[in-house]
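A.B. asks: Have a look at this one.
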Protein chains: 2
Amino acid sequence: MEPNSVGIVTTQYFVFAESPHELALECGDTLGPVTLAYETYGRLDSAKANAILLFHALSGDAHAAGYHSLEEHRPGWWDIMIGPGKAFDTEKYFIICANCLGGCRGSTGPSSVNPKTGKPYALDFPIITIADMVKAQRALIDHLGIEKLLAVAGGSMGGMQVLEWATQYPESVRSAIPIATTSHLSAQGIAFNEVGRQAIMSDPDWNHGNYYGGTPPNKGLALARMIGHITYLSDEAMHRKFGRKLQNRKELSYDFLTDFQVESYLHYQGDLFTQRFDANSYLYITKAIDYFDLAEKGNGSLVDACAPARAAFLIIAFSSDWLYPPYQNKELADALRVNNVEVSFCVLDSHYGHDAFLLEAEHQTRLIAHFLKHIYEEHVRGGTHEP
Amino acid sequence: MEPNSVGIVTTQYFVFAESPHELALECGDTLGPVTLAYETYGRLDSAKANAILLFHALSGDAHAAGYHSLEEHRPGWWDIMIGPGKAFDTEKYFIICANCLGGCRGSTGPSSVNPKTGKPYALDFPIITIADMVKAQRALIDHLGIEKLLAVAGGSMGGMQVLEWATQYPESVRSAIPIATTSHLSAQGIAFNEVGRQAIMSDPDWNHGNYYGGTPPNKGLALARMIGHITYLSDEAMHRKFGRKLQNRKELSYDFLTDFQVESYLHYQGDLFTQRFDANSYLYITKAIDYFDLAEKGNGSLVDACAPARAAFLIIAFSSDWLYPPYQNKELADALRVNNVEVSFCVLDSHYGHDAFLLEAEHQTRLIAHFLKHIYEEHVRGGTHEP
């Protein structure tokens, strides 16, 4: 294990919204009880002023850093960013990451048992939104006794939750770090998500969502993941990584076998995903992403929607990200600045595409570590909490 | 009918490669007899010097212009470019367009009857390449008694055939117009094609290709087409056309119904495609596209591969085309210029993405009409054929 790892970590579970206090959702339904799986790294200080809440992306979970056991091969999904001396420095900060509502990695989602029927919800699970996900995490933060977060941070869908938190609970957060995200998904992004959903729903094993206990729609889910993976990379990244290199052969197969490495890679990624993800969760979470439109809270004006924000912002975009392109991040920065919000906006040069937020440790670390140090020293150490 | 339409046209059929003169394919197999469906517009001059061969893209066919009947709603796929006074001016030139080998619109492909079994080939159809498609069209041109084409032209996969013809049969063509194409598909392009193929092959109705006479794999084919359609448009084009506009509703459905117009559009395009295209042809043709790599003929050197070319080139790319991006078209222009080939290279500004070659009539017409006039006057009218 690397010396700057957070080490062995354990997922915890927070149960709330029990009857009659069910969670009221944006769609009008209620949901309860709700479980959120979460992990924490570092130590909450006595003033509870050093807490940072991280939000994961579509396929992520609560396991953001460290290892669940010595046998685990790969650490949590943002391990390059979380640990002693890293961007989210666990020597200084208390890091929290929860699996999102609707997920399938410990938090309540369509694969959870519906207490009313004793069977998995499947499509009886209500449609959830980014606002609902954030509302659930707000309950977790209250439960942990944290009044004001030092920061909320996350990439992609995680960044949407950052924006939601910063505008919905402005009094509860000092700073916000939305990365490779947008105030609204583009038509192209919705299109890719819909094709992924159709791939799942076209799989006969999907069975209108009722596959629990039977054969899951793995072909459809793998297809959805393959489509997703292409959009997470860039043309250049794929060219550098694969080009037209053949997979385990010297000549073309002249068959419908896998000829090229890029095909083999996508098959592998698609299959791997089916081992850890629930197809119905994929449907619900992509729908939440499609539905997110921050400007709607300002009656169509992004500037008005950003008006409640009080946090200091660090917005990071990546040059080759075509799914959440830099221009969308810039629109957001501009809308916040019109409201006199303190905004740092950086487009980092990277060929990794959207996945850059998971891969580009060095530049992100420099920006985030510096930003957090500034916020922490100004508001916490130099402030009233630790005089 | 518009006054500059070629009017009512009829598809013709050319049968060749009968035993024992079967077509020798790149994969090592032979195929015969072969039928090519083709259409012609305009009149072949007495010297047979005004013929232009057009190649269609993945989903195109021989019906490039005009109408098959007064009842037909839409004209051929490149009607904006072919007709009296248009880019491919039928008052001056004799235009030929054939459905490609492997297709499903009249030419021999996997849905054709295998004379050896009396049943459709299905996956017994051999893997065909761009070179095989061009070889078959060469037989058609020989049959028509044309020794030297005035031009070969086409977009996307059609452009690959232009490149193949110009380097394989340099003595048989005066000019070449590859549009929105490439000397090789990128890893990203291969990836999208493979996901489309997997969508078809994952559909249980596909049945390892044996669905003729039964239920075709329409869900898989529609999915493949939806993926394709996203890649043919640009982010900006989709934003302008659809944005986040809802389809036939004022509020979000909070269901897995179609919420957004872009979803509805893709479903429509997917379904429409299944009415006119064969899923196995989609597999074979995308594989041919993936396999095309002009540089291989130069042992990995695009410059060496271009050495045989003698035609004058007009290469057209579109600024927002991310599937066959301008930089790939430029690579091609550079490789030809190193060989002292006469090359005009233009990147047209368009937000339509790859589909621009089917939509941007005005700029393409200006370039192509001027280029063809120059070639025609220099080599034909001012040359030996019509002194």
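We label chains A, B, ... in the order they appear in the structure tokens, count residues from 1 in each chain, and number ligands from 1 in the order shown.
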Quick one: which chain B residues come within 7 Å of chain A, and what is the nearest atom pair for each with the distance in Å to one decimal, counting only C-alpha atoms, rows ordered by chain and ascending number, as JSON lines?
C.D. replies:
{"residue": "B:Cys27", "atom": "CA", "partner": "A:Tyr254", "partner_atom": "CA", "distance": 6.2}
{"residue": "B:Ile127", "atom": "CA", "partner": "A:Tyr254", "partner_atom": "CA", "distance": 5.6}
{"residue": "B:Ser186", "atom": "CA", "partner": "A:Gly243", "partner_atom": "CA", "distance": 6.8}
{"residue": "B:Ala187", "atom": "CA", "partner": "A:Gly243", "partner_atom": "CA", "distance": 5.3}
{"residue": "B:Gln188", "atom": "CA", "partner": "A:Asp235", "partner_atom": "CA", "distance": 5.7}
{"residue": "B:Ala191", "atom": "CA", "partner": "A:Glu263", "partner_atom": "CA", "distance": 6.0}
{"residue": "B:Glu194", "atom": "CA", "partner": "A:Glu263", "partner_atom": "CA", "distance": 6.5}
{"residue": "B:Val195", "atom": "CA", "partner": "A:Leu223", "partner_atom": "CA", "distance": 6.7}
{"residue": "B:Ala199", "atom": "CA", "partner": "A:Leu223", "partner_atom": "CA", "distance": 7.0}
{"residue": "B:Ser202", "atom": "CA", "partner": "A:Lys219", "partner_atom": "CA", "distance": 6.6}
{"residue": "B:Lys219", "atom": "CA", "partner": "A:Ser202", "partner_atom": "CA", "distance": 6.6}
{"residue": "B:Leu223", "atom": "CA", "partner": "A:Val195", "partner_atom": "CA", "distance": 6.7}
{"residue": "B:Met226", "atom": "CA", "partner": "A:Val195", "partner_atom": "CA", "distance": 6.8}
{"residue": "B:Ile227", "atom": "CA", "partner": "A:Val195", "partner_atom": "CA", "distance": 6.9}
{"residue": "B:Ile230", "atom": "CA", "partner": "A:Gln188", "partner_atom": "CA", "distance": 6.9}
{"residue": "B:Asp235", "atom": "CA", "partner": "A:Gln188", "partner_atom": "CA", "distance": 5.7}
{"residue": "B:Met238", "atom": "CA", "partner": "A:Ala187", "partner_atom": "CA", "distance": 5.8}
{"residue": "B:His239", "atom": "CA", "partner": "A:Ala187", "partner_atom": "CA", "distance": 5.7}
{"residue": "B:Phe242", "atom": "CA", "partner": "A:Ala187", "partner_atom": "CA", "distance": 6.5}
{"residue": "B:Gly243", "atom": "CA", "partner": "A:Ala187", "partner_atom": "CA", "distance": 5.2}
{"residue": "B:Arg244", "atom": "CA", "partner": "A:Ala187", "partner_atom": "CA", "distance": 6.0}
{"residue": "B:Tyr254", "atom": "CA", "partner": "A:Ile127", "partner_atom": "CA", "distance": 5.6}
{"residue": "B:Asp255", "atom": "CA", "partner": "A:Ile127", "partner_atom": "CA", "distance": 6.4}
{"residue": "B:Val262", "atom": "CA", "partner": "A:Ala191", "partner_atom": "CA", "distance": 6.3}
{"residue": "B:Glu263", "atom": "CA", "partner": "A:Ala191", "partner_atom": "CA", "distance": 6.0}
A.B. asks: Could you write out the selected residues, including C-alpha atoms, as a PDB file, in the first residue's frame?
C.D. replies:
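Saved as part.pdb:
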ATOM      1  CA  CYS B  27     -10.258 -11.831 -48.035  1.00  0.00           C
ATOM      2  CA  ILE B 127     -16.230 -10.159 -45.655  1.00  0.00           C
ATOM      3  CA  SER B 186      -9.997   6.670 -36.182  1.00  0.00           C
ATOM      4  CA  ALA B 187     -10.088   4.445 -33.093  1.00  0.00           C
ATOM      5  CA  GLN B 188     -13.139   6.456 -32.028  1.00  0.00           C
ATOM      6  CA  ALA B 191     -15.452   2.087 -31.529  1.00  0.00           C
ATOM      7  CA  GLU B 194     -18.370  -1.816 -33.105  1.00  0.00           C
ATOM      8  CA  VAL B 195     -21.010  -0.681 -30.609  1.00  0.00           C
ATOM      9  CA  ALA B 199     -26.290  -3.737 -30.728  1.00  0.00           C
ATOM     10  CA  SER B 202     -27.077  -8.701 -29.165  1.00  0.00           C
ATOM     11  CA  LYS B 219     -34.327  -3.158 -32.180  1.00  0.00           C
ATOM     12  CA  LEU B 223     -30.007   1.277 -31.861  1.00  0.00           C
ATOM     13  CA  MET B 226     -29.349   6.012 -33.345  1.00  0.00           C
ATOM     14  CA  ILE B 227     -25.677   5.818 -32.364  1.00  0.00           C
ATOM     15  CA  ILE B 230     -25.437  11.194 -33.127  1.00  0.00           C
ATOM     16  CA  ASP B 235     -23.007  19.207 -30.714  1.00  0.00           C
ATOM     17  CA  MET B 238     -28.124  19.212 -32.099  1.00  0.00           C
ATOM     18  CA  HIS B 239     -28.227  22.246 -29.844  1.00  0.00           C
ATOM     19  CA  PHE B 242     -33.317  20.414 -30.396  1.00  0.00           C
ATOM     20  CA  GLY B 243     -31.595  22.003 -27.424  1.00  0.00           C
ATOM     21  CA  ARG B 244     -33.477  20.758 -24.355  1.00  0.00           C
ATOM     22  CA  TYR B 254     -40.892  11.703 -14.388  1.00  0.00           C
ATOM     23  CA  ASP B 255     -41.024   8.385 -16.191  1.00  0.00           C
ATOM     24  CA  VAL B 262     -33.790  14.834 -29.411  1.00  0.00           C
ATOM     25  CA  GLU B 263     -34.870  11.447 -28.018  1.00  0.00           C
TER      26      GLU B 263
END
A.B. asks: Set the distance at 6 Å and use only C-alpha atoms: which residues neighbour Ser111 of chain A once local chain neighbours fewer than 2 positions away are removed? I'd like the list as a VMD selection string.
C.D. replies: chain A and resid 109 120 122
A.B. asks: Quick one: pull the distance between atom CA of Ser320 of chain B and atom CA of Glu360 of chain B, Å, one decimal.
C.D. replies: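 Separation of atom CA of Ser320 of chain B and atom CA of Glu360 of chain B: 12.3 Å.
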A.B. asks: So which residues of segment 135-195 of chain B fall under helix (DSSP H, G or I) by DSSP, listed as a short mmCIF file (atom, residue, chain, number, x, y, z; two decimals) with N, CA and C atoms, in the first residue's frame?
C.D. replies:
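Result file follows (result_24.cif):
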data_model
loop_
_atom_site.label_atom_id
_atom_site.label_comp_id
_atom_site.auth_asym_id
_atom_site.auth_seq_id
_atom_site.Cartn_x
_atom_site.Cartn_y
_atom_site.Cartn_z
N LYS B 135 -13.67 -2.61 -56.96
CA LYS B 135 -13.42 -3.59 -58.01
C LYS B 135 -14.72 -3.93 -58.76
N ALA B 136 -15.79 -4.09 -57.99
CA ALA B 136 -17.09 -4.39 -58.60
C ALA B 136 -17.56 -3.22 -59.47
N GLN B 137 -17.34 -2.01 -58.98
CA GLN B 137 -17.78 -0.85 -59.75
C GLN B 137 -16.91 -0.67 -61.00
N ARG B 138 -15.66 -1.10 -60.90
CA ARG B 138 -14.80 -1.05 -62.07
C ARG B 138 -15.38 -1.93 -63.18
N ALA B 139 -15.93 -3.07 -62.78
CA ALA B 139 -16.56 -3.97 -63.77
C ALA B 139 -17.76 -3.29 -64.43
N LEU B 140 -18.50 -2.53 -63.65
CA LEU B 140 -19.65 -1.79 -64.20
C LEU B 140 -19.20 -0.74 -65.21
N ILE B 141 -18.15 -0.02 -64.86
CA ILE B 141 -17.64 1.04 -65.74
C ILE B 141 -17.11 0.44 -67.05
N ASP B 142 -16.42 -0.71 -66.94
CA ASP B 142 -15.96 -1.43 -68.14
C ASP B 142 -17.16 -1.83 -69.00
N HIS B 143 -18.18 -2.34 -68.33
CA HIS B 143 -19.41 -2.77 -69.02
C HIS B 143 -20.05 -1.60 -69.78
N MET B 157 -17.92 7.10 -46.48
CA MET B 157 -17.43 5.86 -47.07
C MET B 157 -17.27 6.01 -48.58
N GLY B 158 -18.11 6.86 -49.20
CA GLY B 158 -17.97 7.13 -50.62
C GLY B 158 -16.62 7.75 -50.94
N GLY B 159 -16.13 8.57 -50.04
CA GLY B 159 -14.82 9.19 -50.22
C GLY B 159 -13.69 8.17 -50.15
N MET B 160 -13.87 7.15 -49.29
CA MET B 160 -12.87 6.08 -49.22
C MET B 160 -12.76 5.38 -50.57
N GLN B 161 -13.92 5.18 -51.23
CA GLN B 161 -13.92 4.53 -52.54
C GLN B 161 -13.26 5.43 -53.59
N VAL B 162 -13.44 6.74 -53.43
CA VAL B 162 -12.75 7.68 -54.32
C VAL B 162 -11.24 7.49 -54.20
N LEU B 163 -10.75 7.42 -52.96
CA LEU B 163 -9.31 7.26 -52.74
C LEU B 163 -8.81 5.93 -53.28
N GLU B 164 -9.61 4.90 -53.07
CA GLU B 164 -9.24 3.56 -53.56
C GLU B 164 -9.16 3.57 -55.09
N TRP B 165 -10.16 4.15 -55.73
CA TRP B 165 -10.17 4.20 -57.20
C TRP B 165 -8.97 4.98 -57.72
N ALA B 166 -8.72 6.13 -57.12
CA ALA B 166 -7.68 7.03 -57.63
C ALA B 166 -6.28 6.44 -57.49
N THR B 167 -6.10 5.54 -56.51
CA THR B 167 -4.78 4.94 -56.33
C THR B 167 -4.69 3.56 -56.98
N GLN B 168 -5.84 2.89 -57.15
CA GLN B 168 -5.85 1.54 -57.72
C GLN B 168 -5.96 1.59 -59.24
N PRO B 170 -5.38 4.51 -61.41
CA PRO B 170 -5.04 5.91 -61.69
C PRO B 170 -5.20 6.28 -63.16
N GLU B 171 -5.02 5.30 -64.03
CA GLU B 171 -5.11 5.59 -65.47
C GLU B 171 -6.56 5.74 -65.94
N SER B 172 -7.49 5.43 -65.05
CA SER B 172 -8.90 5.41 -65.43
C SER B 172 -9.71 6.56 -64.86
N ALA B 187 -9.70 5.41 -34.14
CA ALA B 187 -10.09 4.45 -33.09
C ALA B 187 -11.50 4.77 -32.60
N GLN B 188 -11.80 6.06 -32.49
CA GLN B 188 -13.14 6.46 -32.03
C GLN B 188 -14.20 6.01 -33.03
N GLY B 189 -13.91 6.17 -34.30
CA GLY B 189 -14.86 5.75 -35.33
C GLY B 189 -15.08 4.25 -35.32
N ILE B 190 -14.00 3.48 -35.19
CA ILE B 190 -14.11 2.02 -35.09
C ILE B 190 -14.96 1.67 -33.87
N ALA B 191 -14.72 2.37 -32.77
CA ALA B 191 -15.45 2.09 -31.53
C ALA B 191 -16.95 2.27 -31.74
N PHE B 192 -17.35 3.37 -32.35
CA PHE B 192 -18.79 3.60 -32.59
C PHE B 192 -19.36 2.51 -33.51
N ASN B 193 -18.62 2.14 -34.55
CA ASN B 193 -19.10 1.08 -35.44
C ASN B 193 -19.26 -0.24 -34.69
N GLU B 194 -18.31 -0.55 -33.83
CA GLU B 194 -18.37 -1.82 -33.11
C GLU B 194 -19.57 -1.84 -32.15
N VAL B 195 -19.85 -0.72 -31.50
CA VAL B 195 -21.01 -0.68 -30.61
C VAL B 195 -22.29 -0.89 -31.43
#
A.B. asks: Near Phe14 of chain A, counting only C-alpha atoms, which residues have an atom at most 9 Å away, once you skip same-chain residues fewer than 3 positions from it, shown as a ChimeraX atom specification?
C.D. replies: /A:34-38,107,140,143
A.B. asks: Fewer than 3 positions away in the same chain doesn't count, so skip those; otherwise give me all residues within 10 Å of Phe55 of chain B, counting only C-alpha atoms, as a list of chain:residue names.
C.D. replies: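 These residues fall inside the cut-off: B:Ile52, B:Leu58, B:Gly60, B:Asp61, B:Ala62, B:Ala64, B:Ile96, B:Cys97, B:Ala98, B:Asn99, B:Cys100, B:Met133, B:Val134, B:Gln137, B:Val152, B:Ala153, B:Gly154, B:Gly155, B:Ser156, B:Met157, B:Gly158, B:Gly159, B:Met160, B:Gln161, B:Val162, B:Pro178.
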A.B. asks: Any chance you can output those residues with C-alpha atoms as a PDB file, in the first residue's frame?
C.D. replies:
ATOM      1  CA  ILE B  52     -18.643  10.792 -63.334  1.00  0.00           C
ATOM      2  CA  LEU B  58     -22.918   3.661 -45.366  1.00  0.00           C
ATOM      3  CA  GLY B  60     -27.000   5.238 -49.168  1.00  0.00           C
ATOM      4  CA  ASP B  61     -27.895   3.456 -52.376  1.00  0.00           C
ATOM      5  CA  ALA B  62     -27.932   3.787 -56.159  1.00  0.00           C
ATOM      6  CA  ALA B  64     -28.790   9.444 -55.835  1.00  0.00           C
ATOM      7  CA  ILE B  96     -23.421   7.010 -62.485  1.00  0.00           C
ATOM      8  CA  CYS B  97     -24.189   5.777 -58.992  1.00  0.00           C
ATOM      9  CA  ALA B  98     -24.283   2.122 -57.945  1.00  0.00           C
ATOM     10  CA  ASN B  99     -25.348   0.472 -54.716  1.00  0.00           C
ATOM     11  CA  CYS B 100     -22.186  -0.891 -53.129  1.00  0.00           C
ATOM     12  CA  MET B 133     -16.591  -2.523 -53.660  1.00  0.00           C
ATOM     13  CA  VAL B 134     -14.438  -0.501 -56.052  1.00  0.00           C
ATOM     14  CA  GLN B 137     -17.778  -0.849 -59.752  1.00  0.00           C
ATOM     15  CA  VAL B 152     -14.969   9.925 -59.064  1.00  0.00           C
ATOM     16  CA  ALA B 153     -16.694  11.603 -56.128  1.00  0.00           C
ATOM     17  CA  GLY B 154     -18.302  10.755 -52.823  1.00  0.00           C
ATOM     18  CA  GLY B 155     -18.586  11.574 -49.154  1.00  0.00           C
ATOM     19  CA  SER B 156     -17.788   9.531 -46.054  1.00  0.00           C
ATOM     20  CA  MET B 157     -17.426   5.856 -47.071  1.00  0.00           C
ATOM     21  CA  GLY B 158     -17.974   7.132 -50.624  1.00  0.00           C
ATOM     22  CA  GLY B 159     -14.819   9.191 -50.216  1.00  0.00           C
ATOM     23  CA  MET B 160     -12.865   6.078 -49.223  1.00  0.00           C
ATOM     24  CA  GLN B 161     -13.919   4.534 -52.541  1.00  0.00           C
ATOM     25  CA  VAL B 162     -12.751   7.682 -54.316  1.00  0.00           C
ATOM     26  CA  PRO B 178     -13.222  12.875 -51.753  1.00  0.00           C
TER      27      PRO B 178
END
A.B. asks: Please compute the atom CA of His68 of chain A-atom CA of Glu362 of chain A distance, one decimal, in Å.
C.D. replies: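 For atom CA of His68 of chain A relative to atom CA of Glu362 of chain A, the distance reads 25.1 Å.
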A.B. asks: Atom CA of His63 of chain B and atom CA of Thr286 of chain B are how many Å apart?
C.D. replies: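 About the pair atom CA of His63 of chain B and atom CA of Thr286 of chain B: they are 20.2 Å apart.
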A.B. asks: Please provide the set of residues having any atom within 8 Å of Asp349 of chain B, restricted to only C-alpha atoms, with same-chain residues fewer than 2 positions apart removed, written as a list in words.
C.D. replies: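 The neighbour list is Phe318, Ser319, Ser320, Val347 and His351 of chain B.
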